[in-house]
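S.K.: Pasting a structure here, questions to come.
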Amino acid sequence: MIKISTVTKLAISALLIWLILIAGQMGYANLYYFNANNLLDQWISEGAISSESSYQQAYKAITLSNKLHSDNPQYIETLATIQEWAVYGGFAEESNFSLALANYDRAIQLRPLWPWAWSAKVMTKWRLDE
């Protein structure tokens with residue numbers, strides 16, 4: 001039988017606890033992302049943001065998602081899309097387009113071969129006549 005020292009047991013326990021915390025954090029980030037993405041899908045199908053509270057809920061959810069998992073390009077791209085829709089819905093100034101473009105750039109840096117972030121960025125620039 002292999003004997004494992006107390007120090008090794010403590011180190012393994014600490015590692016497992018850390019991994020559980022990271023997994024929980026990413027799980028919560030994913031829940032917030034799906035909340036925001038479902039609202040975004042609803043806006044797309046309706047052609048408009050249904051209400052200011054819907055926008056606030058989506059923005060808050062995707063912001064929390066990005067705080068919990070800041071290097072996820074899908075969450076960053078979704079934030080950019082919500083920032084664009086905020087301008088179209090009249091809930092944000094035109095300067096939000098600059099924020100959206102910066103977030104598209106960040107998503108592209110993290111996942112350069114993902115075509116959807118590139119196309120979203122190009123469409124935003126086209127709408128702005130850039």
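We label chains A, B, ... in the order they appear in the structure tokens, count residues from 1 in each chain, and number ligands from 1 in the order shown.
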Please, which residues of chain A, numbered as in this document, come out helix (DSSP H, G or I) from DSSP, as a PyMOL selection string?
M.R.: chain A and resi 6-46+52-68+73-88+96-110+115-127
S.K.: Quick one: residues within 9 Å of Asn38 in chain A, only C-alpha atoms, excluding same-chain residues fewer than 5 positions away - as a VMD selection string?
M.R.: chain A and resid 33 43 58
S.K.: Would you save the residues of that selection, restricted to N, CA, C and O atoms, as a PDB file, in the first residue's frame?
M.R.:
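After the write, part04.pdb holds the following:
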ATOM      1  N   TYR A  33     -24.457  34.332 -19.074  1.00  0.00           N
ATOM      2  CA  TYR A  33     -24.346  34.461 -20.531  1.00  0.00           C
ATOM      3  C   TYR A  33     -25.637  33.993 -21.206  1.00  0.00           C
ATOM      4  O   TYR A  33     -26.155  34.675 -22.086  1.00  0.00           O
ATOM      5  N   TRP A  43     -34.756  39.727 -28.954  1.00  0.00           N
ATOM      6  CA  TRP A  43     -34.729  41.012 -29.657  1.00  0.00           C
ATOM      7  C   TRP A  43     -34.555  40.803 -31.157  1.00  0.00           C
ATOM      8  O   TRP A  43     -35.196  41.488 -31.961  1.00  0.00           O
ATOM      9  N   ALA A  58     -30.296  42.232 -19.716  1.00  0.00           N
ATOM     10  CA  ALA A  58     -29.301  41.604 -20.590  1.00  0.00           C
ATOM     11  C   ALA A  58     -27.914  42.192 -20.355  1.00  0.00           C
ATOM     12  O   ALA A  58     -26.922  41.453 -20.265  1.00  0.00           O
TER      13      ALA A  58
END
S.K.: Between A:Arg127, A:Tyr104, A:Asn30, A:Leu79, which residue has the minimum interatomic distance to Lys60 in chain A, considering only C-alpha atoms?
M.R.: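 Ranked by minimum distance to Lys60 in chain A, first place goes to A:Leu79.
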S.K.: Between A:Ala86, A:Ile44, A:Leu10, A:Ala100, single out the one closest to Gln57 in chain A, counting only C-alpha atoms.
M.R.: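 Of the candidates, the smallest distance to Gln57 in chain A is held by A:Ala86.
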S.K.: In Å to one decimal, how far is CA of Ala102 in chain A from CA of Phe34 in chain A?
M.R.: 22.0 Å
S.K.: Give me, as a Markdown table, each residue of range 26-63 of chain A that comes within 10 Å of range 72-77 of chain A, together with its shortest interatomic pair and the distance in Å at one decimal, counting only C-alpha atoms, with rows ordered by chain and rising residue number.
M.R.:
| residue | atom | partner | partner_atom | distance |
| --- | --- | --- | --- | --- |
| A:Met26 | CA | A:Asn72 | CA | 9.8 |
| A:Ala29 | CA | A:Tyr75 | CA | 8.8 |
| A:Asn30 | CA | A:Tyr75 | CA | 8.6 |
| A:Tyr32 | CA | A:Tyr75 | CA | 9.5 |
| A:Tyr33 | CA | A:Tyr75 | CA | 6.5 |
| A:Phe34 | CA | A:Tyr75 | CA | 9.5 |
| A:Ala36 | CA | A:Tyr75 | CA | 9.4 |
| A:Asn37 | CA | A:Tyr75 | CA | 9.1 |
| A:Ile62 | CA | A:Tyr75 | CA | 6.8 |
| A:Thr63 | CA | A:Tyr75 | CA | 8.7 |
S.K.: For a quick check of understanding, using only C-alpha atoms, which of A:Ser65, A:Glu84, A:Phe91, A:Leu31 has the smallest distance to Ser51 in chain A?
M.R.: A:Phe91
S.K.: Please compute the CA of Gln56 in chain A-CA of Ala23 in chain A distance, one decimal, in Å.
M.R.: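 Value for the CA of Gln56 in chain A-CA of Ala23 in chain A distance: 26.7 Å.
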S.K.: Just how far from CA of Leu19 in chain A is CA of Asn103 in chain A, in Å to one decimal?
M.R.: 28.2 Å
S.K.: Rank nothing, just name the residue among A:Leu68, A:Thr78, A:Trp126, A:Lys3 nearest to Asn35 in chain A, using only C-alpha atoms.
M.R.: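 Among the listed residues, the smallest separation from Asn35 in chain A belongs to A:Thr78.
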